[in-house]
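Working notes for the structure below.
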Amino acid sequence: MARAAELGRRRWRGLVWLTGEAGACREAALALWQAGDWQSPLWVAPEVPAGLADADCLAPGLARTRLGGEQDLLVVDAVSEGAGFDPDAFGALAGTLRAGGLLVLMTPPGWGERPDADYVRLAEHPFRPEQLSARYLARLAGLLDASPEVIRWPALDAPFLPPLPEEDPRVPPPAVDPASTAPDCLTTDQAEAVARLVRQRRRRPLVITADRGRGKSAALGIACARLLAAGEAEILVTAPRPAAVESLFERLEALCPAGQRQGHAFLLAERRVRFVPPDELTRLAREGAAGGAGARLLVDEAAAIPAALLGEWLTAFPRIAFATTVHGYEGSGRGFAVRFLDRLAHEAPAWQGLHMGEPIRWAADDPLEGLVNRLLLLDAEPAPPAPSSMAPAWQRVVTAELVDNEARLRALFGLLVQAHYRTTPADLRRLLDGHGVGIGALVSDKAPVGVVLTGDEGGFALELAGRVARGERRPRGHLMAQSLAAHAGSREALTARLRRVVRIAVAASQRRAGLGRRMIEAEVEQASRDGIDLLGSSFGAEPGLIAFWRSLGFVTLRLGLTRETATGEHALMLARPLTERGEALVEELSIRFQRSLPGLLAFELRELEPEIAAALLAEGEGPALDAADRRDAEDVALAQREPALARPALQALVRHALARGLPAGDESLGLLVAWGFQGRSAEWLAARLGVSGRRQVTDRLRQAAAALLASTSPTGAS
């Protein structure tokens, strides 16, 4: 307990590595629990140990529900029967530990020699957890053993307390400037963030970046309280999930006691702060039901939301702030910067940035923060670019070798984190121990500049494939193969061998140089040598990505009918055949998809972006544009015929224009797709076109038909 007191004086936190048999570990941890005057202890385990109340315990899967809280003792059980090390729970809860707190990690003897109980989430059919490697756990054990700040505690002996390093006199405790106008803030950084949010002007987007524990979300809540007090009627808030903004609402409740929390909203008289999930927010903005003059939007954990959605909100909301964690367990602020800030600079050159560097719950030199970052690679960054006149060399990466090469592992994982909108600590475990995982890299001067991660799927027995297709079974894993079987009814999608591109990433300095294309072609060659029938990919539908994969010979096989809540995008699945069996399967599935596409666009996919709908329609042959269709289209474009009476002809004109190579993003094409295939209302079309009234919409439809006729005429450009 003396060590905890000393840590508290320095505003540090400590990690206790408690090792031994399950019973001995629990007994030792319970003794520590009962010996201290802990104000908010938490025991993380699948089951509540004897002697503790249910309220003091938490299952690992519920870790995100505590993201807004604080703990001063955190016991993580990775030793009891049925318990294992949950990387995501560990990463989420470590950030809730305040200064002076202890994080007790209980592990068995020989930790890392074999998979633990949590590997059941990693073991895909037909493999069992014990058949997997445990490289990830071995790496954790090695790092803990080599870290001088770790308190080692064999359960049957006394803990070994390493000497504390000298205090750094350059690290003062956080303090708010007495002259600050935000007395509810805990640091000058937080006060500055609140002030910027409150006085934000139109078309001056604010980007707030911070590492964990800097009070970023709380700053949003303080700003909301001040804006409500100033009379703002409504503030919309969004994030990947409601738990991410829990501390925002907690600050609101504390600062506005006259208000009331109602679900995901906070009401103060006639004013309110309302959380809206990304998919719902996007729908409301597209319908004109959110955004517009005077509207304000706060986006928390923006790095975990696709840049395409952020861009839409940027257009819809004149006052918008993006807050994101630079290094975190869900999403990387570095990737956010690479993907989105270029667009932000182009569309809103007056945008402002603010970085919050002062920790609130602990000191700036807190040893636990750095240790957790190393363990989970939360701070992984790509290797800095090195000048080289040589083209990057393609290499297959041997996963087992990464555990012994921390620098290379960090560089590879840093690339993956930067390129993807959501990467979690569990993804690192999958990379090191997932069965059928393949890694390829482009290396320049020993530094990876491109990486592709793949996973093998399929190969099911016919009887099991049939049960999956009928919805009777859902074996673990095989995301794409099972989806094609369950939603398209294809048994062959499961009996065939499929290799899915899980992630592909290129260093920011090397983009637009053809490296992504080169990596996919290398994977095609490798998969062909391995006897794989299909090389596939699944991602959120976006016109640029669709064009990239289509240019490499991939064909669309399925599109999700609903938007994913966290991303606001429809999941798209494409594949490239590599064998005769693969050719037959792709042909069957693509024909089915194209046959169903017009009906889906008219009903279930009516709100799909017209540019994406056009890109998908471009893959199908569609009806030929005969002389009668052209005459009907000309009657609309050049005369006064009602467009609705020539809808089939205009649909044929659209598909003919796409077949002739007209880009899916063409404005006239998008308008006719939205009207002719998706049945968009005149009001929606008017809002998209920036016009008013049905007559003006009809005039624009005539102009669009004329443009497509000109582009597809024998003498027109194709």
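In the structure tokens, chains take letters A, B, ... by order of appearance, with residues numbered from 1 within each chain and ligands from 1 in the order shown.
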Problem - Which of stretch 109-171 of chain A fall in strand (DSSP E), as a list in words - result: Ile151, Arg152, Trp153 and Pro154 of chain A
Exercise for the section: Calculate how many Å separate atom CA of A:Pro108 from atom CA of A:Pro126, rounding to one decimal. Expected result: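 The value is 26.9 Å.
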Exercise for the section: Excluding A:Arg408 and residues on its chain fewer than 6 positions from it, collect all residues at most 10 Å away from it, counting only C-alpha atoms, and give them as number ranges by chain. Expected result: A: 382-383, 401-402, 414, 446-448
Would you output that residue set with all heavy atoms, as a PDB file, in the first residue's frame?
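Written file, selection.pdb:
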ATOM      1  N   PRO A 382       3.836   3.847 -38.681  1.00  0.00           N
ATOM      2  CA  PRO A 382       4.646   3.336 -39.785  1.00  0.00           C
ATOM      3  C   PRO A 382       6.082   3.830 -39.653  1.00  0.00           C
ATOM      4  O   PRO A 382       6.352   4.865 -39.045  1.00  0.00           O
ATOM      5  CB  PRO A 382       3.979   3.944 -41.027  1.00  0.00           C
ATOM      6  CG  PRO A 382       2.626   4.384 -40.573  1.00  0.00           C
ATOM      7  CD  PRO A 382       2.748   4.722 -39.130  1.00  0.00           C
ATOM      8  N   ALA A 383       7.008   3.066 -40.225  1.00  0.00           N
ATOM      9  CA  ALA A 383       8.396   3.493 -40.214  1.00  0.00           C
ATOM     10  C   ALA A 383       8.543   4.774 -41.021  1.00  0.00           C
ATOM     11  O   ALA A 383       7.867   4.946 -42.037  1.00  0.00           O
ATOM     12  CB  ALA A 383       9.289   2.400 -40.797  1.00  0.00           C
ATOM     13  N   GLU A 401       8.279 -14.866 -37.125  1.00  0.00           N
ATOM     14  CA  GLU A 401       9.473 -14.032 -36.994  1.00  0.00           C
ATOM     15  C   GLU A 401       9.158 -12.644 -36.465  1.00  0.00           C
ATOM     16  O   GLU A 401      10.049 -11.943 -35.977  1.00  0.00           O
ATOM     17  CB  GLU A 401      10.188 -13.937 -38.343  1.00  0.00           C
ATOM     18  CG  GLU A 401      10.733 -15.273 -38.844  1.00  0.00           C
ATOM     19  CD  GLU A 401      11.349 -15.166 -40.222  1.00  0.00           C
ATOM     20  OE1 GLU A 401      11.322 -14.049 -40.792  1.00  0.00           O
ATOM     21  OE2 GLU A 401      11.850 -16.182 -40.723  1.00  0.00           O
ATOM     22  N   LEU A 402       7.902 -12.216 -36.575  1.00  0.00           N
ATOM     23  CA  LEU A 402       7.540 -10.879 -36.117  1.00  0.00           C
ATOM     24  C   LEU A 402       7.652 -10.736 -34.599  1.00  0.00           C
ATOM     25  O   LEU A 402       7.948  -9.658 -34.088  1.00  0.00           O
ATOM     26  CB  LEU A 402       6.122 -10.525 -36.557  1.00  0.00           C
ATOM     27  CG  LEU A 402       5.916 -10.248 -38.044  1.00  0.00           C
ATOM     28  CD1 LEU A 402       4.440 -10.028 -38.337  1.00  0.00           C
ATOM     29  CD2 LEU A 402       6.732  -9.045 -38.490  1.00  0.00           C
ATOM     30  N   GLY A 414       1.644  -0.518 -37.597  1.00  0.00           N
ATOM     31  CA  GLY A 414       1.401   0.911 -37.725  1.00  0.00           C
ATOM     32  C   GLY A 414       0.815   1.271 -39.073  1.00  0.00           C
ATOM     33  O   GLY A 414      -0.058   2.146 -39.172  1.00  0.00           O
ATOM     34  N   LYS A 446      14.565  -1.678 -46.106  1.00  0.00           N
ATOM     35  CA  LYS A 446      14.230  -2.439 -44.901  1.00  0.00           C
ATOM     36  C   LYS A 446      12.970  -1.937 -44.185  1.00  0.00           C
ATOM     37  O   LYS A 446      12.571  -2.508 -43.167  1.00  0.00           O
ATOM     38  CB  LYS A 446      15.398  -2.447 -43.908  1.00  0.00           C
ATOM     39  CG  LYS A 446      16.653  -3.105 -44.443  1.00  0.00           C
ATOM     40  CD  LYS A 446      17.746  -3.143 -43.386  1.00  0.00           C
ATOM     41  CE  LYS A 446      19.004  -3.817 -43.935  1.00  0.00           C
ATOM     42  NZ  LYS A 446      20.079  -3.879 -42.929  1.00  0.00           N
ATOM     43  N   ALA A 447      12.342  -0.888 -44.691  1.00  0.00           N
ATOM     44  CA  ALA A 447      11.129  -0.372 -44.057  1.00  0.00           C
ATOM     45  C   ALA A 447       9.916  -0.730 -44.900  1.00  0.00           C
ATOM     46  O   ALA A 447       9.917  -0.514 -46.117  1.00  0.00           O
ATOM     47  CB  ALA A 447      11.212   1.145 -43.900  1.00  0.00           C
ATOM     48  N   PRO A 448       8.851  -1.285 -44.300  1.00  0.00           N
ATOM     49  CA  PRO A 448       7.649  -1.610 -45.073  1.00  0.00           C
ATOM     50  C   PRO A 448       6.930  -0.347 -45.519  1.00  0.00           C
ATOM     51  O   PRO A 448       6.688   0.563 -44.727  1.00  0.00           O
ATOM     52  CB  PRO A 448       6.795  -2.420 -44.092  1.00  0.00           C
ATOM     53  CG  PRO A 448       7.250  -1.987 -42.739  1.00  0.00           C
ATOM     54  CD  PRO A 448       8.706  -1.650 -42.872  1.00  0.00           C
TER      55      PRO A 448
END
Handout entry: Atom pair atom CA of A:Ser509 / atom CA of A:Pro306: separation (Å)
Key =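 Taking atom CA of A:Ser509 and atom CA of A:Pro306, their separation equals 20.5 Å.
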Exercise for the section: Give me, please, the distance in Å between atom CA of A:Gly466 and atom CA of A:Arg491, quoted to one decimal. Expected result: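 Taking atom CA of A:Gly466 and atom CA of A:Arg491, their separation equals 5.8 Å.
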Exercise for the section: Counting only C-alpha atoms, figure out which residue out of A:Gly553, A:Gly69, A:Gly101, A:Pro278 gets nearest to A:Glu250. Expected result: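 Of the candidates, the smallest distance to A:Glu250 is held by A:Gly69.
For the set A:Gly231, A:Gly61, A:Gly100, A:Pro41, the residue with the smallest atom-to-atom gap to A:Gly8 is A:Gly100, counting only C-alpha atoms.
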Problem - Residue neighbourhood A:Leu442, 7 Å, only C-alpha atoms, exclusion window fewer than 2 positions, as an MDAnalysis selection string - result: chainID A and resid 392:395 444 448:451
Dump N, CA, C and O atoms for the selected residues as a tab-separated table (two decimals), in the first residue's frame?
chain	number	residue	atom	x	y	z
A	392	PRO	N	10.28	-0.69	-54.34
A	392	PRO	CA	10.08	-1.56	-53.18
A	392	PRO	C	10.04	-3.03	-53.59
A	392	PRO	O	9.50	-3.39	-54.63
A	393	ALA	N	10.63	-3.87	-52.75
A	393	ALA	CA	10.68	-5.32	-53.02
A	393	ALA	C	9.52	-6.01	-52.32
A	393	ALA	O	9.16	-5.68	-51.19
A	394	TRP	N	8.94	-7.00	-53.02
A	394	TRP	CA	7.81	-7.76	-52.46
A	394	TRP	C	8.33	-8.91	-51.62
A	394	TRP	O	9.23	-9.64	-52.02
A	395	GLN	N	7.75	-9.08	-50.41
A	395	GLN	CA	8.17	-10.14	-49.51
A	395	GLN	C	6.95	-10.80	-48.88
A	395	GLN	O	5.95	-10.14	-48.60
A	444	SER	N	11.04	-1.10	-48.68
A	444	SER	CA	12.02	-0.18	-49.27
A	444	SER	C	13.04	0.18	-48.21
A	444	SER	O	12.68	0.74	-47.17
A	448	PRO	N	8.85	-1.29	-44.30
A	448	PRO	CA	7.65	-1.61	-45.07
A	448	PRO	C	6.93	-0.35	-45.52
A	448	PRO	O	6.69	0.56	-44.73
A	449	VAL	N	6.61	-0.26	-46.80
A	449	VAL	CA	5.85	0.87	-47.33
A	449	VAL	C	4.47	0.43	-47.80
A	449	VAL	O	3.64	1.26	-48.17
A	450	GLY	N	4.23	-0.87	-47.79
A	450	GLY	CA	2.92	-1.40	-48.14
A	450	GLY	C	2.75	-2.74	-47.47
A	450	GLY	O	3.72	-3.50	-47.30
A	451	VAL	N	1.53	-3.05	-47.06
A	451	VAL	CA	1.27	-4.34	-46.41
A	451	VAL	C	-0.13	-4.80	-46.78
A	451	VAL	O	-1.05	-3.98	-46.91
Practice task
Could you tell me which of A:Asp533, A:Glu166, A:Asp184, A:Asp211 comes closest to A:Leu585 if we count only C-alpha atoms?
Solution key: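 Of A:Asp533, A:Glu166, A:Asp184, A:Asp211, the one nearest A:Leu585 is A:Asp533, counting only C-alpha atoms.
For the residues A:Glu611, A:Asp666, A:Glu232, A:Glu246, ranking by smallest atom-to-atom distance to A:Ala707 using only C-alpha atoms places A:Asp666 first.
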